[in-house]
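As stored in model-v8.cif (mmCIF, N, CA and C atoms):
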```
data_final
#
loop_
_atom_site.label_atom_id
_atom_site.label_comp_id
_atom_site.auth_asym_id
_atom_site.auth_seq_id
_atom_site.Cartn_x
_atom_site.Cartn_y
_atom_site.Cartn_z
N MET J 1 33.26 19.54 -45.94
CA MET J 1 34.17 18.41 -45.93
C MET J 1 34.33 17.88 -44.53
N ARG J 2 34.55 16.64 -44.45
CA ARG J 2 34.77 16.00 -43.16
C ARG J 2 36.23 16.15 -42.79
N ARG J 3 36.53 16.40 -41.55
CA ARG J 3 37.91 16.58 -41.14
C ARG J 3 38.51 15.23 -40.76
N PRO J 4 39.86 15.06 -40.92
CA PRO J 4 40.50 13.81 -40.50
C PRO J 4 40.29 13.59 -39.01
N PHE J 5 40.29 12.35 -38.59
CA PHE J 5 39.99 12.02 -37.20
C PHE J 5 40.99 12.65 -36.22
N PHE J 6 42.21 12.98 -36.69
CA PHE J 6 43.22 13.51 -35.77
C PHE J 6 43.26 15.04 -35.75
N ALA J 7 42.42 15.71 -36.55
CA ALA J 7 42.42 17.17 -36.60
C ALA J 7 41.37 17.72 -35.66
N LYS J 8 41.74 18.78 -34.99
CA LYS J 8 40.77 19.47 -34.14
C LYS J 8 39.92 20.37 -35.02
N ALA J 9 38.73 20.64 -34.56
CA ALA J 9 37.82 21.49 -35.33
C ALA J 9 38.47 22.84 -35.60
N GLY J 10 38.41 23.29 -36.85
CA GLY J 10 38.93 24.58 -37.22
C GLY J 10 40.43 24.61 -37.52
N GLU J 11 41.12 23.46 -37.47
CA GLU J 11 42.55 23.44 -37.76
C GLU J 11 42.80 22.82 -39.13
N PRO J 12 43.39 23.56 -40.09
CA PRO J 12 43.68 23.01 -41.42
C PRO J 12 44.89 22.08 -41.38
N ARG J 13 45.59 22.08 -40.26
CA ARG J 13 46.78 21.27 -40.11
C ARG J 13 46.50 19.78 -40.33
N GLY J 14 45.36 19.31 -40.02
CA GLY J 14 45.00 17.89 -40.17
C GLY J 14 45.10 17.44 -41.61
N TRP J 15 44.56 18.25 -42.52
CA TRP J 15 44.64 17.90 -43.94
C TRP J 15 46.08 17.93 -44.43
N LEU J 16 46.86 18.88 -43.91
CA LEU J 16 48.27 18.98 -44.28
C LEU J 16 49.03 17.75 -43.83
N LEU J 17 48.79 17.32 -42.62
CA LEU J 17 49.46 16.11 -42.10
C LEU J 17 49.04 14.87 -42.88
N LEU J 18 47.77 14.82 -43.24
CA LEU J 18 47.29 13.69 -44.03
C LEU J 18 47.99 13.66 -45.40
N GLY J 19 48.11 14.83 -46.02
CA GLY J 19 48.78 14.92 -47.33
C GLY J 19 50.25 14.54 -47.24
N ILE J 20 50.92 15.01 -46.19
CA ILE J 20 52.34 14.67 -46.01
C ILE J 20 52.49 13.16 -45.77
N GLY J 21 51.63 12.59 -44.97
CA GLY J 21 51.68 11.14 -44.72
C GLY J 21 51.48 10.34 -45.99
N ALA J 22 50.52 10.76 -46.81
CA ALA J 22 50.25 10.04 -48.07
C ALA J 22 51.45 10.17 -49.00
N ALA J 23 52.06 11.36 -49.06
CA ALA J 23 53.23 11.55 -49.93
C ALA J 23 54.39 10.68 -49.47
N LEU J 24 54.60 10.59 -48.16
CA LEU J 24 55.67 9.73 -47.63
C LEU J 24 55.42 8.27 -47.98
N CYS J 25 54.18 7.83 -47.83
CA CYS J 25 53.87 6.43 -48.15
C CYS J 25 54.13 6.14 -49.63
N LEU J 26 53.70 7.03 -50.50
CA LEU J 26 53.92 6.83 -51.93
C LEU J 26 55.41 6.88 -52.26
N GLY J 27 56.14 7.78 -51.62
CA GLY J 27 57.58 7.87 -51.85
C GLY J 27 58.31 6.61 -51.43
N VAL J 28 57.96 6.08 -50.26
CA VAL J 28 58.59 4.83 -49.80
C VAL J 28 58.22 3.67 -50.71
N ALA J 29 56.96 3.61 -51.14
CA ALA J 29 56.54 2.55 -52.05
C ALA J 29 57.28 2.65 -53.38
N GLY J 30 57.44 3.89 -53.89
CA GLY J 30 58.18 4.08 -55.14
C GLY J 30 59.64 3.68 -55.01
N LEU J 31 60.23 3.98 -53.88
CA LEU J 31 61.63 3.60 -53.64
C LEU J 31 61.76 2.09 -53.58
N ALA J 32 60.83 1.43 -52.92
CA ALA J 32 60.88 -0.04 -52.84
C ALA J 32 60.76 -0.67 -54.22
N VAL J 33 59.89 -0.12 -55.06
CA VAL J 33 59.72 -0.66 -56.40
C VAL J 33 60.97 -0.41 -57.23
N SER J 34 61.55 0.81 -57.15
CA SER J 34 62.71 1.12 -57.98
C SER J 34 63.95 0.37 -57.53
N ARG J 35 64.00 -0.02 -56.27
CA ARG J 35 65.17 -0.77 -55.79
C ARG J 35 64.93 -2.26 -55.71
N GLY J 36 63.77 -2.68 -56.08
CA GLY J 36 63.45 -4.11 -56.04
C GLY J 36 64.24 -4.87 -57.08
N PRO J 37 64.14 -6.19 -57.01
CA PRO J 37 64.90 -6.98 -57.96
C PRO J 37 64.43 -6.76 -59.40
N HIS J 38 65.35 -6.56 -60.28
CA HIS J 38 65.05 -6.43 -61.70
C HIS J 38 65.40 -7.74 -62.38
N PRO J 39 64.65 -8.14 -63.37
CA PRO J 39 64.99 -9.38 -64.07
C PRO J 39 66.42 -9.31 -64.59
N GLY J 40 67.20 -10.30 -64.23
CA GLY J 40 68.58 -10.38 -64.70
C GLY J 40 69.56 -9.61 -63.84
N ALA J 41 69.08 -8.74 -62.96
CA ALA J 41 70.00 -7.97 -62.13
C ALA J 41 70.60 -8.88 -61.07
N GLY J 42 71.89 -8.86 -60.98
CA GLY J 42 72.57 -9.65 -59.96
C GLY J 42 72.69 -11.12 -60.30
N ALA J 43 72.09 -11.55 -61.37
CA ALA J 43 72.20 -12.96 -61.75
C ALA J 43 73.61 -13.23 -62.25
N PRO J 44 74.23 -14.30 -61.76
CA PRO J 44 75.60 -14.58 -62.21
C PRO J 44 75.65 -14.93 -63.69
N VAL J 45 76.70 -14.48 -64.33
CA VAL J 45 76.93 -14.79 -65.74
C VAL J 45 77.40 -16.25 -65.82
N PRO J 46 76.78 -17.06 -66.68
CA PRO J 46 77.20 -18.46 -66.77
C PRO J 46 78.67 -18.59 -67.19
N GLN J 47 79.32 -19.60 -66.62
CA GLN J 47 80.69 -19.93 -66.99
C GLN J 47 80.62 -20.83 -68.21
N SER J 48 81.27 -20.45 -69.29
CA SER J 48 81.21 -21.23 -70.53
C SER J 48 82.48 -22.04 -70.71
N LEU J 49 82.31 -23.32 -70.98
CA LEU J 49 83.42 -24.23 -71.24
C LEU J 49 83.10 -25.04 -72.48
N ALA J 50 84.15 -25.49 -73.17
CA ALA J 50 83.93 -26.32 -74.35
C ALA J 50 84.95 -27.44 -74.36
N LEU J 51 84.47 -28.64 -74.66
CA LEU J 51 85.34 -29.80 -74.82
C LEU J 51 85.11 -30.40 -76.20
N SER J 52 86.19 -30.68 -76.89
CA SER J 52 86.13 -31.29 -78.20
C SER J 52 86.68 -32.71 -78.10
N ALA J 53 85.87 -33.69 -78.46
CA ALA J 53 86.29 -35.09 -78.44
C ALA J 53 86.92 -35.44 -79.77
N LYS J 54 88.24 -35.67 -79.75
CA LYS J 54 88.95 -35.99 -80.98
C LYS J 54 90.27 -36.68 -80.62
N GLY J 55 90.62 -37.70 -81.38
CA GLY J 55 91.87 -38.42 -81.12
C GLY J 55 91.83 -39.16 -79.79
N MET J 56 90.66 -39.56 -79.37
CA MET J 56 90.43 -40.28 -78.12
C MET J 56 90.87 -39.49 -76.88
N THR J 57 90.76 -38.14 -76.98
CA THR J 57 90.96 -37.26 -75.82
C THR J 57 89.96 -36.11 -75.92
N PHE J 58 89.82 -35.40 -74.82
CA PHE J 58 89.07 -34.15 -74.82
C PHE J 58 90.08 -33.02 -74.95
N ASN J 59 89.93 -32.19 -75.94
CA ASN J 59 90.81 -31.04 -76.19
C ASN J 59 92.29 -31.43 -76.28
N GLY J 60 92.57 -32.64 -76.72
CA GLY J 60 93.94 -33.08 -76.93
C GLY J 60 94.70 -33.48 -75.69
N ALA J 61 94.22 -33.14 -74.50
CA ALA J 61 94.98 -33.45 -73.28
C ALA J 61 94.11 -33.71 -72.05
N ASN J 62 92.80 -33.86 -72.21
CA ASN J 62 91.89 -34.05 -71.08
C ASN J 62 92.16 -33.01 -69.98
N PRO J 63 91.92 -31.74 -70.27
CA PRO J 63 92.31 -30.67 -69.34
C PRO J 63 91.53 -30.68 -68.04
N THR J 64 92.14 -30.09 -67.02
CA THR J 64 91.43 -29.83 -65.77
C THR J 64 90.59 -28.58 -65.98
N LEU J 65 89.31 -28.69 -65.71
CA LEU J 65 88.37 -27.58 -65.88
C LEU J 65 88.14 -26.94 -64.52
N GLN J 66 88.08 -25.61 -64.46
CA GLN J 66 87.84 -24.93 -63.20
C GLN J 66 86.60 -24.04 -63.31
N VAL J 67 85.72 -24.16 -62.30
CA VAL J 67 84.51 -23.36 -62.24
C VAL J 67 84.29 -22.92 -60.79
N ARG J 68 83.34 -21.99 -60.60
CA ARG J 68 83.03 -21.48 -59.26
C ARG J 68 81.72 -22.08 -58.76
N PRO J 69 81.64 -22.35 -57.47
CA PRO J 69 80.39 -22.90 -56.92
C PRO J 69 79.28 -21.86 -56.96
N GLY J 70 78.06 -22.32 -57.17
CA GLY J 70 76.90 -21.45 -57.16
C GLY J 70 76.73 -20.63 -58.42
N VAL J 71 77.61 -20.81 -59.39
CA VAL J 71 77.52 -20.06 -60.64
C VAL J 71 77.19 -21.05 -61.76
N PRO J 72 76.16 -20.78 -62.55
CA PRO J 72 75.79 -21.71 -63.62
C PRO J 72 76.95 -21.98 -64.57
N VAL J 73 77.01 -23.21 -65.05
CA VAL J 73 78.03 -23.64 -66.01
C VAL J 73 77.31 -24.06 -67.28
N GLU J 74 77.87 -23.65 -68.41
CA GLU J 74 77.40 -24.10 -69.71
C GLU J 74 78.58 -24.81 -70.37
N LEU J 75 78.46 -26.13 -70.51
CA LEU J 75 79.54 -26.96 -71.04
C LEU J 75 79.10 -27.51 -72.39
N ILE J 76 79.85 -27.15 -73.43
CA ILE J 76 79.53 -27.62 -74.78
C ILE J 76 80.49 -28.75 -75.13
N ILE J 77 79.94 -29.90 -75.50
CA ILE J 77 80.73 -31.06 -75.90
C ILE J 77 80.49 -31.27 -77.39
N ARG J 78 81.57 -31.44 -78.15
CA ARG J 78 81.44 -31.69 -79.59
C ARG J 78 82.27 -32.90 -79.96
N ASN J 79 81.67 -33.83 -80.68
CA ASN J 79 82.37 -35.01 -81.18
C ASN J 79 82.95 -34.66 -82.55
N GLU J 80 84.28 -34.53 -82.61
CA GLU J 80 84.95 -34.19 -83.87
C GLU J 80 85.71 -35.37 -84.44
N GLU J 81 85.34 -36.57 -84.04
CA GLU J 81 85.98 -37.79 -84.56
C GLU J 81 85.48 -38.08 -85.98
N PRO J 82 86.27 -38.87 -86.73
CA PRO J 82 85.79 -39.32 -88.04
C PRO J 82 84.60 -40.28 -87.86
N ALA J 83 83.96 -40.60 -88.93
CA ALA J 83 82.76 -41.44 -88.91
C ALA J 83 82.94 -42.71 -88.07
N GLY J 84 81.90 -43.02 -87.34
CA GLY J 84 81.86 -44.29 -86.62
C GLY J 84 82.31 -44.25 -85.17
N ILE J 85 82.99 -43.21 -84.72
CA ILE J 85 83.47 -43.17 -83.33
C ILE J 85 82.52 -42.30 -82.51
N LEU J 86 81.92 -42.92 -81.50
CA LEU J 86 80.93 -42.26 -80.65
C LEU J 86 81.58 -41.82 -79.33
N HIS J 87 81.02 -40.78 -78.72
CA HIS J 87 81.49 -40.29 -77.41
C HIS J 87 80.31 -39.78 -76.60
N ASP J 88 80.54 -39.64 -75.32
CA ASP J 88 79.62 -38.96 -74.42
C ASP J 88 80.44 -38.31 -73.33
N LEU J 89 79.78 -37.72 -72.34
CA LEU J 89 80.49 -37.14 -71.21
C LEU J 89 79.62 -37.27 -69.97
N VAL J 90 80.25 -37.68 -68.87
CA VAL J 90 79.57 -37.74 -67.59
C VAL J 90 80.46 -37.09 -66.53
N VAL J 91 79.80 -36.45 -65.57
CA VAL J 91 80.44 -35.96 -64.35
C VAL J 91 79.60 -36.55 -63.22
N PRO J 92 79.90 -37.79 -62.82
CA PRO J 92 79.03 -38.50 -61.89
C PRO J 92 78.79 -37.77 -60.57
N GLY J 93 79.80 -37.14 -60.02
CA GLY J 93 79.66 -36.45 -58.74
C GLY J 93 78.72 -35.26 -58.77
N LEU J 94 78.41 -34.77 -59.95
CA LEU J 94 77.50 -33.63 -60.09
C LEU J 94 76.20 -34.00 -60.80
N GLY J 95 76.06 -35.28 -61.15
CA GLY J 95 74.84 -35.73 -61.82
C GLY J 95 74.70 -35.22 -63.24
N VAL J 96 75.83 -34.94 -63.89
CA VAL J 96 75.81 -34.41 -65.26
C VAL J 96 76.07 -35.55 -66.23
N ARG J 97 75.24 -35.62 -67.29
CA ARG J 97 75.39 -36.70 -68.28
C ARG J 97 74.87 -36.24 -69.63
N SER J 98 75.66 -36.47 -70.65
CA SER J 98 75.20 -36.17 -72.00
C SER J 98 74.66 -37.45 -72.63
N HIS J 99 74.01 -37.30 -73.76
CA HIS J 99 73.65 -38.48 -74.56
C HIS J 99 74.88 -38.86 -75.38
N ILE J 100 74.81 -39.99 -76.05
CA ILE J 100 75.92 -40.43 -76.90
C ILE J 100 75.91 -39.57 -78.16
N LEU J 101 77.08 -39.01 -78.46
CA LEU J 101 77.23 -38.09 -79.59
C LEU J 101 77.82 -38.80 -80.80
N ARG J 102 77.18 -38.65 -81.93
CA ARG J 102 77.70 -39.17 -83.20
C ARG J 102 78.74 -38.16 -83.72
N PRO J 103 79.61 -38.56 -84.63
CA PRO J 103 80.58 -37.62 -85.20
C PRO J 103 79.88 -36.39 -85.78
N GLY J 104 80.43 -35.21 -85.44
CA GLY J 104 79.87 -33.95 -85.90
C GLY J 104 78.76 -33.40 -85.01
N GLU J 105 78.30 -34.17 -84.06
CA GLU J 105 77.21 -33.74 -83.19
C GLU J 105 77.79 -33.05 -81.94
N SER J 106 76.99 -32.13 -81.39
CA SER J 106 77.39 -31.47 -80.15
C SER J 106 76.19 -31.37 -79.22
N VAL J 107 76.48 -31.10 -77.95
CA VAL J 107 75.43 -30.95 -76.95
C VAL J 107 75.86 -29.86 -75.98
N ARG J 108 74.88 -29.15 -75.46
CA ARG J 108 75.12 -28.09 -74.48
C ARG J 108 74.55 -28.56 -73.14
N LEU J 109 75.43 -28.74 -72.16
CA LEU J 109 75.01 -29.18 -70.83
C LEU J 109 75.00 -27.97 -69.90
N ARG J 110 73.95 -27.84 -69.12
CA ARG J 110 73.85 -26.72 -68.16
C ARG J 110 73.65 -27.29 -66.76
N PHE J 111 74.46 -26.80 -65.83
CA PHE J 111 74.35 -27.23 -64.45
C PHE J 111 74.98 -26.16 -63.56
N THR J 112 74.68 -26.23 -62.27
CA THR J 112 75.24 -25.29 -61.30
C THR J 112 75.82 -26.10 -60.14
N PRO J 113 77.15 -26.16 -60.03
CA PRO J 113 77.75 -26.89 -58.90
C PRO J 113 77.47 -26.14 -57.60
N ALA J 114 76.97 -26.85 -56.61
CA ALA J 114 76.57 -26.21 -55.35
C ALA J 114 77.75 -25.99 -54.40
N ARG J 115 78.70 -26.90 -54.40
CA ARG J 115 79.78 -26.76 -53.41
C ARG J 115 81.15 -27.06 -54.02
N GLU J 116 82.16 -26.61 -53.33
CA GLU J 116 83.53 -26.81 -53.80
C GLU J 116 83.91 -28.29 -53.77
N GLY J 117 84.86 -28.65 -54.62
CA GLY J 117 85.34 -30.03 -54.64
C GLY J 117 85.98 -30.35 -55.98
N GLU J 118 86.49 -31.56 -56.10
CA GLU J 118 87.06 -32.05 -57.35
C GLU J 118 86.22 -33.22 -57.83
N TYR J 119 85.85 -33.17 -59.08
CA TYR J 119 84.96 -34.18 -59.66
C TYR J 119 85.60 -34.71 -60.94
N GLY J 120 85.51 -36.00 -61.13
CA GLY J 120 86.02 -36.59 -62.36
C GLY J 120 85.01 -36.46 -63.48
N TYR J 121 85.52 -36.30 -64.69
CA TYR J 121 84.65 -36.36 -65.87
C TYR J 121 85.25 -37.38 -66.82
N ALA J 122 84.41 -37.99 -67.65
CA ALA J 122 84.91 -39.02 -68.57
C ALA J 122 83.91 -39.30 -69.67
N CYS J 123 84.44 -39.90 -70.73
CA CYS J 123 83.60 -40.50 -71.77
C CYS J 123 83.37 -41.93 -71.30
N THR J 124 82.12 -42.35 -71.15
CA THR J 124 81.85 -43.69 -70.64
C THR J 124 82.22 -44.78 -71.65
N LEU J 125 82.38 -44.41 -72.92
CA LEU J 125 82.74 -45.39 -73.95
C LEU J 125 84.26 -45.61 -74.02
N HIS J 126 85.04 -44.64 -73.52
CA HIS J 126 86.51 -44.72 -73.53
C HIS J 126 87.05 -44.14 -72.22
N PRO J 127 86.68 -44.72 -71.06
CA PRO J 127 86.95 -44.09 -69.77
C PRO J 127 88.43 -43.93 -69.41
N ARG J 128 89.28 -44.81 -69.81
CA ARG J 128 90.70 -44.69 -69.44
C ARG J 128 91.47 -43.77 -70.38
N LEU J 129 90.92 -43.52 -71.54
CA LEU J 129 91.57 -42.63 -72.49
C LEU J 129 91.05 -41.19 -72.39
N MET J 130 89.79 -41.07 -72.04
CA MET J 130 89.14 -39.76 -72.06
C MET J 130 88.56 -39.45 -70.69
N ASP J 131 89.42 -38.99 -69.79
CA ASP J 131 88.97 -38.62 -68.45
C ASP J 131 89.78 -37.44 -67.94
N GLY J 132 89.18 -36.66 -67.09
CA GLY J 132 89.84 -35.48 -66.54
C GLY J 132 89.17 -35.07 -65.25
N ARG J 133 89.53 -33.87 -64.77
CA ARG J 133 88.99 -33.36 -63.51
C ARG J 133 88.27 -32.03 -63.73
N LEU J 134 87.20 -31.85 -62.98
CA LEU J 134 86.49 -30.59 -62.93
C LEU J 134 86.64 -30.10 -61.49
N VAL J 135 87.31 -28.97 -61.31
CA VAL J 135 87.56 -28.42 -59.99
C VAL J 135 86.59 -27.27 -59.74
N VAL J 136 85.86 -27.36 -58.64
CA VAL J 136 84.92 -26.32 -58.25
C VAL J 136 85.55 -25.59 -57.06
N ARG J 137 85.90 -24.33 -57.29
CA ARG J 137 86.61 -23.57 -56.25
C ARG J 137 86.27 -22.10 -56.39
N ARG J 138 86.21 -21.39 -55.27
CA ARG J 138 85.94 -19.93 -55.27
C ARG J 138 87.08 -19.17 -55.87
#
```
Any chance you could give the structure as structure tokens?
Amino acid sequence: MRRPFFAKAGEPRGWLLLGIGAALCLGVAGLAVSRGPHPGAGAPVPQSLALSAKGMTFNGANPTLQVRPGVPVELIIRNEEPAGILHDLVVPGLGVRSHILRPGESVRLRFTPAREGEYGYACTLHPRLMDGRLVVRR
């Protein structure tokens, strides 16, 4: 057998050092893999909100909605009006917009607010009756 370049002739220590070095490298590599990012690990849980459009208001009182910055938001809008009354929802400051909802229809909007602030939301078809605030705060 050929001896490792760092071993002196007649010393078995070279093979021992080579084996220890290889074991250390594999151990460090295994640790890096086991501590590496796992799918879904550390991912923020989405903030779930729901607004019901009925009686020309959202949830009966156009509530102030609160969410955290940097955390995904899932906002469900449902049109619960009787036949013929259409609604939508926009949050212009965050670039959020639903399509126009027919009675009984709903939509799930997903977005992640990047920074803190207060943003208005409204139904564009009934803006003075159906408007509220979305507050983004830590």
Using the chain letters and numbers from the file, give me the residues hit by the PyMOL selection byres (((chain J and resi 77-92 and name CA) around 7) and name CA), as a PDB file with N, CA and C atoms, in the frame of the given file.
```pdb
ATOM      1  N   ALA J  50      84.150 -25.490 -73.170  1.00  0.00           N
ATOM      2  CA  ALA J  50      83.930 -26.320 -74.350  1.00  0.00           C
ATOM      3  C   ALA J  50      84.950 -27.440 -74.360  1.00  0.00           C
ATOM      4  N   LEU J  51      84.470 -28.640 -74.660  1.00  0.00           N
ATOM      5  CA  LEU J  51      85.340 -29.800 -74.820  1.00  0.00           C
ATOM      6  C   LEU J  51      85.110 -30.400 -76.200  1.00  0.00           C
ATOM      7  N   SER J  52      86.190 -30.680 -76.890  1.00  0.00           N
ATOM      8  CA  SER J  52      86.130 -31.290 -78.200  1.00  0.00           C
ATOM      9  C   SER J  52      86.680 -32.710 -78.100  1.00  0.00           C
ATOM     10  N   ALA J  53      85.870 -33.690 -78.460  1.00  0.00           N
ATOM     11  CA  ALA J  53      86.290 -35.090 -78.440  1.00  0.00           C
ATOM     12  C   ALA J  53      86.920 -35.440 -79.770  1.00  0.00           C
ATOM     13  N   LYS J  54      88.240 -35.670 -79.750  1.00  0.00           N
ATOM     14  CA  LYS J  54      88.950 -35.990 -80.980  1.00  0.00           C
ATOM     15  C   LYS J  54      90.270 -36.680 -80.620  1.00  0.00           C
ATOM     16  N   GLY J  55      90.620 -37.700 -81.380  1.00  0.00           N
ATOM     17  CA  GLY J  55      91.870 -38.420 -81.120  1.00  0.00           C
ATOM     18  C   GLY J  55      91.830 -39.160 -79.790  1.00  0.00           C
ATOM     19  N   LEU J  75      78.460 -26.130 -70.510  1.00  0.00           N
ATOM     20  CA  LEU J  75      79.540 -26.960 -71.040  1.00  0.00           C
ATOM     21  C   LEU J  75      79.100 -27.510 -72.390  1.00  0.00           C
ATOM     22  N   ILE J  76      79.850 -27.150 -73.430  1.00  0.00           N
ATOM     23  CA  ILE J  76      79.530 -27.620 -74.780  1.00  0.00           C
ATOM     24  C   ILE J  76      80.490 -28.750 -75.130  1.00  0.00           C
ATOM     25  N   GLY J  93      79.800 -37.140 -60.020  1.00  0.00           N
ATOM     26  CA  GLY J  93      79.660 -36.450 -58.740  1.00  0.00           C
ATOM     27  C   GLY J  93      78.720 -35.260 -58.770  1.00  0.00           C
ATOM     28  N   LEU J  94      78.410 -34.770 -59.950  1.00  0.00           N
ATOM     29  CA  LEU J  94      77.500 -33.630 -60.090  1.00  0.00           C
ATOM     30  C   LEU J  94      76.200 -34.000 -60.800  1.00  0.00           C
ATOM     31  N   GLY J  95      76.060 -35.280 -61.150  1.00  0.00           N
ATOM     32  CA  GLY J  95      74.840 -35.730 -61.820  1.00  0.00           C
ATOM     33  C   GLY J  95      74.700 -35.220 -63.240  1.00  0.00           C
ATOM     34  N   VAL J  96      75.830 -34.940 -63.890  1.00  0.00           N
ATOM     35  CA  VAL J  96      75.810 -34.410 -65.260  1.00  0.00           C
ATOM     36  C   VAL J  96      76.070 -35.550 -66.230  1.00  0.00           C
ATOM     37  N   ARG J  97      75.240 -35.620 -67.290  1.00  0.00           N
ATOM     38  CA  ARG J  97      75.390 -36.700 -68.280  1.00  0.00           C
ATOM     39  C   ARG J  97      74.870 -36.240 -69.630  1.00  0.00           C
ATOM     40  N   SER J  98      75.660 -36.470 -70.650  1.00  0.00           N
ATOM     41  CA  SER J  98      75.200 -36.170 -72.000  1.00  0.00           C
ATOM     42  C   SER J  98      74.660 -37.450 -72.630  1.00  0.00           C
ATOM     43  N   HIS J  99      74.010 -37.300 -73.760  1.00  0.00           N
ATOM     44  CA  HIS J  99      73.650 -38.480 -74.560  1.00  0.00           C
ATOM     45  C   HIS J  99      74.880 -38.860 -75.380  1.00  0.00           C
ATOM     46  N   ILE J 100      74.810 -39.990 -76.050  1.00  0.00           N
ATOM     47  CA  ILE J 100      75.920 -40.430 -76.900  1.00  0.00           C
ATOM     48  C   ILE J 100      75.910 -39.570 -78.160  1.00  0.00           C
ATOM     49  N   LEU J 101      77.080 -39.010 -78.460  1.00  0.00           N
ATOM     50  CA  LEU J 101      77.230 -38.090 -79.590  1.00  0.00           C
ATOM     51  C   LEU J 101      77.820 -38.800 -80.800  1.00  0.00           C
ATOM     52  N   ARG J 102      77.180 -38.650 -81.930  1.00  0.00           N
ATOM     53  CA  ARG J 102      77.700 -39.170 -83.200  1.00  0.00           C
ATOM     54  C   ARG J 102      78.740 -38.160 -83.720  1.00  0.00           C
ATOM     55  N   PRO J 103      79.610 -38.560 -84.630  1.00  0.00           N
ATOM     56  CA  PRO J 103      80.580 -37.620 -85.200  1.00  0.00           C
ATOM     57  C   PRO J 103      79.880 -36.390 -85.780  1.00  0.00           C
ATOM     58  N   GLY J 104      80.430 -35.210 -85.440  1.00  0.00           N
ATOM     59  CA  GLY J 104      79.870 -33.950 -85.900  1.00  0.00           C
ATOM     60  C   GLY J 104      78.760 -33.400 -85.010  1.00  0.00           C
ATOM     61  N   GLU J 105      78.300 -34.170 -84.060  1.00  0.00           N
ATOM     62  CA  GLU J 105      77.210 -33.740 -83.190  1.00  0.00           C
ATOM     63  C   GLU J 105      77.790 -33.050 -81.940  1.00  0.00           C
ATOM     64  N   SER J 106      76.990 -32.130 -81.390  1.00  0.00           N
ATOM     65  CA  SER J 106      77.390 -31.470 -80.150  1.00  0.00           C
ATOM     66  C   SER J 106      76.190 -31.370 -79.220  1.00  0.00           C
ATOM     67  N   VAL J 107      76.480 -31.100 -77.950  1.00  0.00           N
ATOM     68  CA  VAL J 107      75.430 -30.950 -76.950  1.00  0.00           C
ATOM     69  C   VAL J 107      75.860 -29.860 -75.980  1.00  0.00           C
ATOM     70  N   ARG J 108      74.880 -29.150 -75.460  1.00  0.00           N
ATOM     71  CA  ARG J 108      75.120 -28.090 -74.480  1.00  0.00           C
ATOM     72  C   ARG J 108      74.550 -28.560 -73.140  1.00  0.00           C
ATOM     73  N   TYR J 119      85.850 -33.170 -59.080  1.00  0.00           N
ATOM     74  CA  TYR J 119      84.960 -34.180 -59.660  1.00  0.00           C
ATOM     75  C   TYR J 119      85.600 -34.710 -60.940  1.00  0.00           C
ATOM     76  N   GLY J 120      85.510 -36.000 -61.130  1.00  0.00           N
ATOM     77  CA  GLY J 120      86.020 -36.590 -62.360  1.00  0.00           C
ATOM     78  C   GLY J 120      85.010 -36.460 -63.480  1.00  0.00           C
ATOM     79  N   TYR J 121      85.520 -36.300 -64.690  1.00  0.00           N
ATOM     80  CA  TYR J 121      84.650 -36.360 -65.870  1.00  0.00           C
ATOM     81  C   TYR J 121      85.250 -37.380 -66.820  1.00  0.00           C
ATOM     82  N   ALA J 122      84.410 -37.990 -67.650  1.00  0.00           N
ATOM     83  CA  ALA J 122      84.910 -39.020 -68.570  1.00  0.00           C
ATOM     84  C   ALA J 122      83.910 -39.300 -69.670  1.00  0.00           C
ATOM     85  N   CYS J 123      84.440 -39.900 -70.730  1.00  0.00           N
ATOM     86  CA  CYS J 123      83.600 -40.500 -71.770  1.00  0.00           C
ATOM     87  C   CYS J 123      83.370 -41.930 -71.300  1.00  0.00           C
ATOM     88  N   THR J 124      82.120 -42.350 -71.150  1.00  0.00           N
ATOM     89  CA  THR J 124      81.850 -43.690 -70.640  1.00  0.00           C
ATOM     90  C   THR J 124      82.220 -44.780 -71.650  1.00  0.00           C
ATOM     91  N   LEU J 125      82.380 -44.410 -72.920  1.00  0.00           N
ATOM     92  CA  LEU J 125      82.740 -45.390 -73.950  1.00  0.00           C
ATOM     93  C   LEU J 125      84.260 -45.610 -74.020  1.00  0.00           C
TER      94      LEU J 125
END
```
message: Which residues are near J:Val135? Cut-off 8 Å, all atoms listed in the file, ignore same chain within fewer than 3 positions. Put them as a PyMOL selection string.
response: chain J and resi 64-69+115-120+132+138
query: To one decimal place, how far is atom C of J:Thr57 from atom C of J:Pro72 in Å?
result: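 These atoms are spaced 22.3 Å apart.
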statement: Pairwise distance, atom CA of J:Phe58 with atom N of J:Leu109, equals 14.9 Å
- prompt: From the list J:Gly42, J:Ala61, J:Pro113, J:Leu49, which residue is nearest J:Met130 when using all atoms listed in the file?
  reply: J:Ala61
Extending 8 Å beyond the listed atoms of stretch 93-112 of chain J on each side, what axis-aligned box results? I want centre and edge lengths in Å to one decimal, as AutoDock Vina command-line options.
```
--center_x 77.1 --center_y -32.9 --center_z -72.3 --size_x 22.9 --size_y 31.1 --size_z 43.2
```
task: Grab the atom CA of J:Val136 to atom CA of J:Met56 distance for me, in Å with one decimal place.
output: 24.9 Å
